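**Student:** Below you'll find entry-v1.txt; it's compact mmCIF, C-alpha atoms and all ligand atoms.
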```
# COMPACT_ATOMS: atom_id res chain seq x y z
CA MET A 48 52.15 -5.77 41.95
CA SER A 49 54.11 -2.97 43.54
CA VAL A 50 54.93 -3.18 47.24
CA LYS A 51 52.79 -0.08 47.70
CA GLU A 52 49.73 -1.82 46.18
CA ASN A 53 50.27 -4.93 48.29
CA LEU A 54 50.72 -2.80 51.39
CA THR A 55 47.48 -0.91 50.78
CA HIS A 56 45.58 -4.20 50.61
CA ILE A 57 47.35 -5.58 53.71
CA GLN A 58 46.69 -2.41 55.73
CA HIS A 59 43.02 -2.76 54.88
CA GLU A 60 43.04 -6.36 56.11
CA ILE A 61 44.88 -5.33 59.29
CA THR A 62 42.31 -2.63 60.00
CA ASN A 63 39.49 -5.14 59.54
CA ALA A 64 41.12 -7.75 61.77
CA CYS A 65 41.71 -5.13 64.46
CA LYS A 66 38.11 -3.89 64.25
CA LYS A 67 36.83 -7.42 64.77
CA VAL A 68 38.52 -7.66 68.16
CA GLY A 69 38.54 -3.99 69.21
CA ARG A 70 42.24 -3.34 68.72
CA ASP A 71 43.90 -0.19 67.46
CA ALA A 72 45.50 -0.89 64.06
CA SER A 73 48.51 1.20 65.04
CA SER A 74 49.45 -1.52 67.54
CA VAL A 75 50.36 -3.85 64.65
CA ASN A 76 53.81 -3.50 63.08
CA VAL A 77 54.47 -4.92 59.64
CA ILE A 78 57.88 -6.48 59.00
CA ALA A 79 58.71 -6.84 55.31
CA VAL A 80 60.48 -10.18 55.00
CA THR A 81 62.85 -9.64 52.11
CA LYS A 82 64.63 -13.01 52.11
CA TYR A 83 63.17 -14.05 48.74
CA VAL A 84 63.65 -10.77 46.91
CA SER A 85 66.31 -8.49 45.45
CA ASN A 86 68.03 -5.51 47.06
CA SER A 87 65.99 -3.14 44.91
CA ARG A 88 62.70 -4.75 45.93
CA ALA A 89 63.74 -4.30 49.58
CA GLN A 90 64.48 -0.67 48.79
CA GLU A 91 61.00 -0.39 47.27
CA ALA A 92 59.56 -1.62 50.58
CA LEU A 93 61.33 1.17 52.47
CA GLU A 94 60.15 3.70 49.91
CA ALA A 95 56.57 2.41 50.31
CA GLY A 96 56.81 3.49 53.93
CA ILE A 97 57.64 0.19 55.63
CA SER A 98 60.26 0.72 58.30
CA HIS A 99 60.76 -2.86 59.52
CA ILE A 100 62.85 -5.25 57.42
CA GLY A 101 63.22 -8.96 58.26
CA GLU A 102 65.90 -11.39 57.07
CA ASN A 103 66.51 -14.98 58.09
CA ARG A 104 70.10 -15.54 56.97
CA ALA A 105 73.19 -13.72 58.15
CA GLU A 106 75.07 -13.38 54.83
CA GLU A 107 72.07 -12.34 52.76
CA GLY A 108 70.80 -10.07 55.51
CA ILE A 109 74.12 -8.27 55.83
CA LYS A 110 74.28 -7.75 52.05
CA LYS A 111 70.84 -6.16 52.08
CA TRP A 112 71.68 -4.08 55.14
CA GLU A 113 74.78 -2.75 53.39
CA TYR A 114 72.91 -2.01 50.17
CA LEU A 115 70.26 -0.09 52.11
CA LYS A 116 72.90 1.50 54.36
CA GLY A 117 71.13 0.23 57.44
CA LYS A 118 68.06 2.37 56.84
CA GLY A 119 65.02 1.17 58.78
CA THR A 120 64.73 -1.19 61.72
CA TRP A 121 66.25 -4.63 61.14
CA HIS A 122 64.86 -7.91 62.41
CA PHE A 123 66.76 -11.19 62.42
CA ILE A 124 63.94 -13.73 62.12
CA GLY A 125 65.73 -16.99 61.28
CA THR A 126 67.67 -19.55 63.21
CA LEU A 127 70.80 -17.83 64.45
CA GLN A 128 74.03 -19.80 64.60
CA THR A 129 76.15 -18.81 67.56
CA ARG A 130 79.20 -18.12 65.38
CA LYS A 131 77.21 -15.65 63.24
CA VAL A 132 76.20 -13.43 66.18
CA LYS A 133 79.26 -11.22 65.89
CA ASP A 134 78.47 -10.47 62.23
CA ILE A 135 74.87 -9.40 62.70
CA ILE A 136 74.70 -8.03 66.22
CA GLU A 137 75.38 -4.36 65.44
CA LYS A 138 73.17 -4.34 62.32
CA PHE A 139 69.99 -5.99 63.51
CA ASP A 140 67.88 -4.21 66.13
CA TYR A 141 65.72 -7.20 67.01
CA ILE A 142 66.46 -10.92 67.20
CA HIS A 143 63.33 -13.09 66.94
CA SER A 144 64.93 -16.47 67.46
CA LEU A 145 66.45 -16.62 70.93
CA ASP A 146 66.00 -20.26 71.94
CA ARG A 147 69.05 -21.35 73.94
CA LEU A 148 71.40 -20.13 76.66
CA SER A 149 74.52 -20.58 74.52
CA LEU A 150 73.06 -18.03 72.09
CA ALA A 151 72.21 -15.65 74.95
CA GLU A 152 75.78 -15.95 76.21
CA GLU A 153 77.20 -15.06 72.79
CA ILE A 154 74.85 -12.08 72.43
CA GLN A 155 75.93 -10.92 75.87
CA LYS A 156 79.58 -11.24 74.85
CA ARG A 157 79.22 -9.36 71.55
CA ALA A 158 76.56 -6.69 72.08
CA SER A 159 77.68 -3.19 72.98
CA THR A 160 74.22 -2.17 74.21
CA ILE A 161 70.95 -3.85 75.17
CA ARG A 162 69.49 -6.08 72.42
CA LYS A 163 65.78 -6.55 71.95
CA CYS A 164 65.07 -10.27 71.74
CA PHE A 165 62.05 -12.44 71.17
CA VAL A 166 62.12 -15.89 72.71
CA GLN A 167 61.09 -18.35 70.00
CA VAL A 168 58.55 -20.96 71.04
CA ASN A 169 57.71 -24.14 69.16
CA VAL A 170 54.03 -24.18 70.05
CA SER A 171 53.07 -26.81 67.47
CA GLY A 172 55.82 -29.24 68.47
CA GLU A 173 56.71 -29.95 64.83
CA THR A 174 60.23 -31.37 64.66
CA SER A 175 60.98 -29.16 61.64
CA LYS A 176 60.59 -26.04 63.76
CA HIS A 177 63.00 -24.40 66.15
CA GLY A 178 62.11 -22.91 69.47
CA LEU A 179 61.50 -23.89 73.06
CA HIS A 180 58.82 -26.28 74.23
CA PRO A 181 56.08 -24.14 75.82
CA ASP A 182 56.69 -25.82 79.20
CA ASP A 183 60.29 -24.61 79.20
CA VAL A 184 59.66 -20.95 78.37
CA LEU A 185 59.23 -19.52 81.88
CA SER A 186 62.32 -21.12 83.38
CA PHE A 187 64.36 -20.17 80.28
CA ILE A 188 63.31 -16.54 80.53
CA CYS A 189 64.10 -16.46 84.26
CA GLN A 190 67.61 -17.72 83.47
CA LEU A 191 68.15 -14.88 81.00
CA GLU A 192 68.37 -12.49 83.94
CA LYS A 193 72.11 -13.16 84.12
CA TYR A 194 72.64 -11.61 80.67
CA PRO A 195 72.09 -7.87 81.17
CA SER A 196 72.45 -7.12 77.44
CA ILE A 197 69.31 -9.10 76.68
CA GLU A 198 65.85 -7.62 76.95
CA VAL A 199 63.04 -10.08 76.30
CA VAL A 200 60.61 -7.83 74.46
CA GLY A 201 58.27 -10.65 73.51
CA LEU A 202 57.61 -14.16 72.24
CA MET A 203 57.77 -15.42 68.66
CA THR A 204 56.25 -18.45 66.98
CA MET A 205 55.59 -19.93 63.57
CA ALA A 206 52.28 -21.73 63.17
CA PRO A 207 52.12 -24.86 61.04
CA LEU A 208 51.30 -24.25 57.40
CA GLU A 209 47.55 -24.89 57.20
CA GLU A 210 45.29 -24.75 54.19
CA ASP A 211 42.62 -23.13 56.34
CA PRO A 212 44.24 -20.22 58.22
CA GLU A 213 41.58 -20.59 60.93
CA ALA A 214 43.36 -23.80 61.99
CA THR A 215 46.35 -21.72 63.15
CA ARG A 216 44.34 -19.91 65.82
CA PRO A 217 45.06 -22.30 68.74
CA TYR A 218 48.83 -21.85 68.29
CA PHE A 219 48.57 -18.08 68.47
CA LYS A 220 46.23 -18.29 71.47
CA ARG A 221 48.76 -20.48 73.25
CA LEU A 222 51.56 -17.98 72.63
CA ARG A 223 49.40 -15.19 74.03
CA GLU A 224 48.68 -17.26 77.16
CA LEU A 225 52.39 -17.86 77.59
CA GLN A 226 53.03 -14.13 77.20
CA MET A 227 50.58 -13.43 80.02
CA SER A 228 52.39 -15.96 82.25
CA VAL A 229 55.70 -14.22 81.56
CA GLN A 230 54.20 -10.80 82.24
CA ALA A 231 52.81 -12.06 85.56
CA LEU A 232 56.39 -12.68 86.72
CA LYS A 233 57.07 -8.93 86.40
CA LEU A 234 60.69 -9.45 85.44
CA VAL A 235 62.64 -6.27 84.73
CA HIS A 236 64.63 -7.96 81.96
CA ALA A 237 61.51 -9.46 80.35
CA PRO A 238 58.65 -6.99 79.88
CA CYS A 239 57.38 -9.29 77.10
CA ILE A 240 54.94 -6.77 75.66
CA GLU A 241 55.24 -7.94 72.03
CA LEU A 242 54.05 -10.98 70.08
CA SER A 243 55.83 -11.79 66.80
CA MET A 244 53.40 -14.07 65.02
CA GLY A 245 51.59 -14.31 61.70
CA MET A 246 52.94 -14.71 58.18
CA SER A 247 51.38 -14.18 54.76
CA ASN A 248 48.82 -16.96 55.05
CA ASP A 249 47.75 -16.48 58.65
CA TYR A 250 48.47 -12.89 59.76
CA LYS A 251 44.80 -11.91 60.07
CA ILE A 252 44.19 -14.69 62.60
CA ALA A 253 47.43 -13.81 64.42
CA ILE A 254 46.30 -10.18 64.72
CA GLU A 255 42.93 -11.24 66.11
CA GLU A 256 44.91 -13.19 68.72
CA GLY A 257 47.16 -10.27 69.66
CA ALA A 258 50.14 -10.13 67.26
CA THR A 259 52.08 -6.86 67.47
CA PHE A 260 54.63 -7.81 64.78
CA VAL A 261 53.54 -9.70 61.66
CA ARG A 262 56.25 -11.02 59.36
CA LEU A 263 55.18 -10.77 55.72
CA GLY A 264 57.19 -12.02 52.77
CA THR A 265 55.18 -13.45 49.87
CA SER A 266 52.07 -11.30 50.26
CA LEU A 267 53.97 -8.04 50.64
CA VAL A 268 57.19 -8.07 48.65
CA GLY A 269 56.71 -11.32 46.69
CA GLU A 270 58.52 -14.64 46.43
C1 LIG B 1 60.06 -16.52 55.45
C2 LIG B 1 59.57 -16.20 56.79
C3 LIG B 1 58.43 -15.40 56.95
C4 LIG B 1 57.61 -14.85 55.79
O1 LIG B 1 56.90 -15.87 55.14
P1 LIG B 1 55.72 -15.56 54.10
O2 LIG B 1 54.83 -16.75 54.22
O3 LIG B 1 56.37 -15.45 52.77
O4 LIG B 1 55.04 -14.33 54.52
C5 LIG B 1 58.04 -15.09 58.24
N1 LIG B 1 58.72 -15.55 59.32
C6 LIG B 1 59.81 -16.33 59.20
C7 LIG B 1 60.52 -16.79 60.42
C8 LIG B 1 60.27 -16.68 57.93
O5 LIG B 1 61.36 -17.46 57.82
```
Mind converting the file's structure to structure tokens?
**Tutor:**
Amino acid sequence: MSVKENLTHIQHEITNACKKVGRDASSVNVIAVTKYVSNSRAQEALEAGISHIGENRAEEGIKKWEYLKGKGTWHFIGTLQTRKVKDIIEKFDYIHSLDRLSLAEEIQKRASTIRKCFVQVNVSGETSKHGLHPDDVLSFICQLEKYPSIEVVGLMTMAPLEEDPEATRPYFKRLRELQMSVQALKLVHAPCIELSMGMSNDYKIAIEEGATFVRLGTSLVGE
């Protein structure tokens, strides 16, 4: 299947999910996660009209960025090692995996302008997943005030892999509740208007629960 064909199907699903809950489909951004695919397939995604590209590894991501000459908006969605920050910081527009102060400090040190960051939350508590415990999110975000290069644009989570996507709903609901708690603090450095949640198997549920960025690999560009 071409990326264009996959995208047409996905856009249809997004429209339906939005209709169900009375959202405007234009409030959902699709990130093409190109970590499994070739440079040329990533190029095909851009040509299909997708402007957001997501990569989870620094080396691979930089190679793709160079091949595509930085066209589009770039999202770093994987665990970010502190020592890799300097390599990716001027190429990626969004970082979805801010989960510790040492990483914030390094971003502050290396970034020439404000960086849009998502704070990653481990809602499910699975030990295999990165991210903050939900109870620690508010105090963590308050502490980010001392890093003026960091803007907390939203929260990010990965739901557990469930056979029935419906089973992911409580995790997305919890992230949305946390987002509302952050917004209630009215912090200038943390508007927290975005929710990065939903992958190929569960994006429809995530959208019903308020996702503004869905991260799609398999279903959009392939494995
Ligand atoms: C790989 C990956 C995705 C995309 O996964 P698919 O199930 O292939 O859509 C989304 N988010 C993160 C953080 C990933 O690492």
**Student:** Please check which protein, DNA or RNA residues sit within 10 Å of ligand LIG 1 (chain B), counting all atoms listed in the file, and write them as a ChimeraX atom specification.
**Tutor:** /A:78-83,101-104,123-126,143-144,167,176-177,203-206,208,243-250,261-270
**Student:** So that I can check the surroundings of Gln226 of chain A, please list as a list of chain:residue names every protein, DNA and RNA residue that reaches within 8 Å of it, counting all atoms listed in the file and ignoring chain neighbours fewer than 5 positions away.
**Tutor:** A:Gly201, A:Leu202, A:Cys239, A:Ile240, A:Leu242
**Student:** Between A:Ile61, A:Ala89, A:Val200, A:Leu145, which residue has the minimum interatomic distance to Tyr114 of chain A, considering only C-alpha atoms?
**Tutor:**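 Ranked by minimum distance to Tyr114 of chain A, first place goes to A:Ala89.
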**Student:** Mind listing as a PDB file with C-alpha atoms, in the frame of the given file all residues within 12 Å of (45.8, -24.3, 61.7), counting all atoms listed in the file?
**Tutor:**
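Below is the file part14.pdb, written as the result:
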```pdb
ATOM      1  CA  VAL A 170      54.030 -24.180  70.050  1.00  0.00           C
ATOM      2  CA  SER A 171      53.070 -26.810  67.470  1.00  0.00           C
ATOM      3  CA  MET A 205      55.590 -19.930  63.570  1.00  0.00           C
ATOM      4  CA  ALA A 206      52.280 -21.730  63.170  1.00  0.00           C
ATOM      5  CA  PRO A 207      52.120 -24.860  61.040  1.00  0.00           C
ATOM      6  CA  LEU A 208      51.300 -24.250  57.400  1.00  0.00           C
ATOM      7  CA  GLU A 209      47.550 -24.890  57.200  1.00  0.00           C
ATOM      8  CA  GLU A 210      45.290 -24.750  54.190  1.00  0.00           C
ATOM      9  CA  ASP A 211      42.620 -23.130  56.340  1.00  0.00           C
ATOM     10  CA  PRO A 212      44.240 -20.220  58.220  1.00  0.00           C
ATOM     11  CA  GLU A 213      41.580 -20.590  60.930  1.00  0.00           C
ATOM     12  CA  ALA A 214      43.360 -23.800  61.990  1.00  0.00           C
ATOM     13  CA  THR A 215      46.350 -21.720  63.150  1.00  0.00           C
ATOM     14  CA  ARG A 216      44.340 -19.910  65.820  1.00  0.00           C
ATOM     15  CA  PRO A 217      45.060 -22.300  68.740  1.00  0.00           C
ATOM     16  CA  TYR A 218      48.830 -21.850  68.290  1.00  0.00           C
ATOM     17  CA  PHE A 219      48.570 -18.080  68.470  1.00  0.00           C
ATOM     18  CA  LYS A 220      46.230 -18.290  71.470  1.00  0.00           C
ATOM     19  CA  GLY A 245      51.590 -14.310  61.700  1.00  0.00           C
ATOM     20  CA  ASN A 248      48.820 -16.960  55.050  1.00  0.00           C
ATOM     21  CA  ASP A 249      47.750 -16.480  58.650  1.00  0.00           C
ATOM     22  CA  TYR A 250      48.470 -12.890  59.760  1.00  0.00           C
ATOM     23  CA  ILE A 252      44.190 -14.690  62.600  1.00  0.00           C
ATOM     24  CA  ALA A 253      47.430 -13.810  64.420  1.00  0.00           C
TER      25      ALA A 253
END
```
**Student:** Grab the atom CA of Lys156 of chain A to atom CA of Phe187 of chain A distance for me, in Å with one decimal place.
**Tutor:**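 Here the two named atoms are 18.5 Å from each other.
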**Student:** Provide the atom CA of Gly178 of chain A to atom CA of Ala64 of chain A distance in Å, to one decimal place.
**Tutor:** 27.0 Å
**Student:** Around (57.0, -4.7, 63.7) in the file's own coordinates, what residues are found within 6 Å if you use all atoms listed in the file, given back as a tab-separated table (two decimals) with C-alpha atoms, in the frame of the given file?
**Tutor:**
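Writing the result to part22.tsv gives the following:
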```tsv
chain	number	residue	atom	x	y	z
A	76	ASN	CA	53.81	-3.50	63.08
A	77	VAL	CA	54.47	-4.92	59.64
A	78	ILE	CA	57.88	-6.48	59.00
A	99	HIS	CA	60.76	-2.86	59.52
A	260	PHE	CA	54.63	-7.81	64.78
```
**Student:** Find the distance between atom CA of Val199 of chain A and atom CA of Cys164 of chain A and write it in Å to one decimal.
**Tutor:**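 It comes out at 5.0 Å.
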**Student:** When distances are computed from only C-alpha atoms, which of A:Thr160, A:Thr129, A:Ser228, A:Ser87 shows the smallest separation from Ile188 of chain A?
**Tutor:**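 Between A:Thr160, A:Thr129, A:Ser228, A:Ser87, the residue approaching Ile188 of chain A most closely is A:Ser228.
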**Student:** For Gly119 of chain A, which residue out of A:Ile97, A:Ile154, A:Met227, A:Val68 is the nearest one, using all atoms listed in the file?
**Tutor:**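 Among the listed residues, the smallest separation from Gly119 of chain A belongs to A:Ile97.
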**Student:** For Asn169 of chain A, find every residue with an atom within 6 Å (counting all atoms listed in the file), except residues of its own chain fewer than 3 positions away, and show them as a list in words.
**Tutor:** Gly172, Gly178, Leu179 and His180 of chain A
**Student:** For Arg223 of chain A, which residue out of A:Glu107, A:Glu255, A:Asp146, A:Glu192 is the nearest one, using all atoms listed in the file?
**Tutor:**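 Of A:Glu107, A:Glu255, A:Asp146, A:Glu192, the one nearest Arg223 of chain A, counting all atoms listed in the file, is A:Glu255.
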**Student:** Could you tell me which of A:Leu222, A:Asp183, A:Glu153, A:Val229 comes closest to Ser196 of chain A if we count only C-alpha atoms?
**Tutor:**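 Of A:Leu222, A:Asp183, A:Glu153, A:Val229, the one nearest Ser196 of chain A is A:Glu153, counting only C-alpha atoms.
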**Student:** Counting all atoms listed in the file, which of A:Val132, A:Ala258, A:Leu225, A:Ile57 gets nearest to Gln155 of chain A?
**Tutor:**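 Closest to Gln155 of chain A, using all atoms listed in the file: A:Val132.
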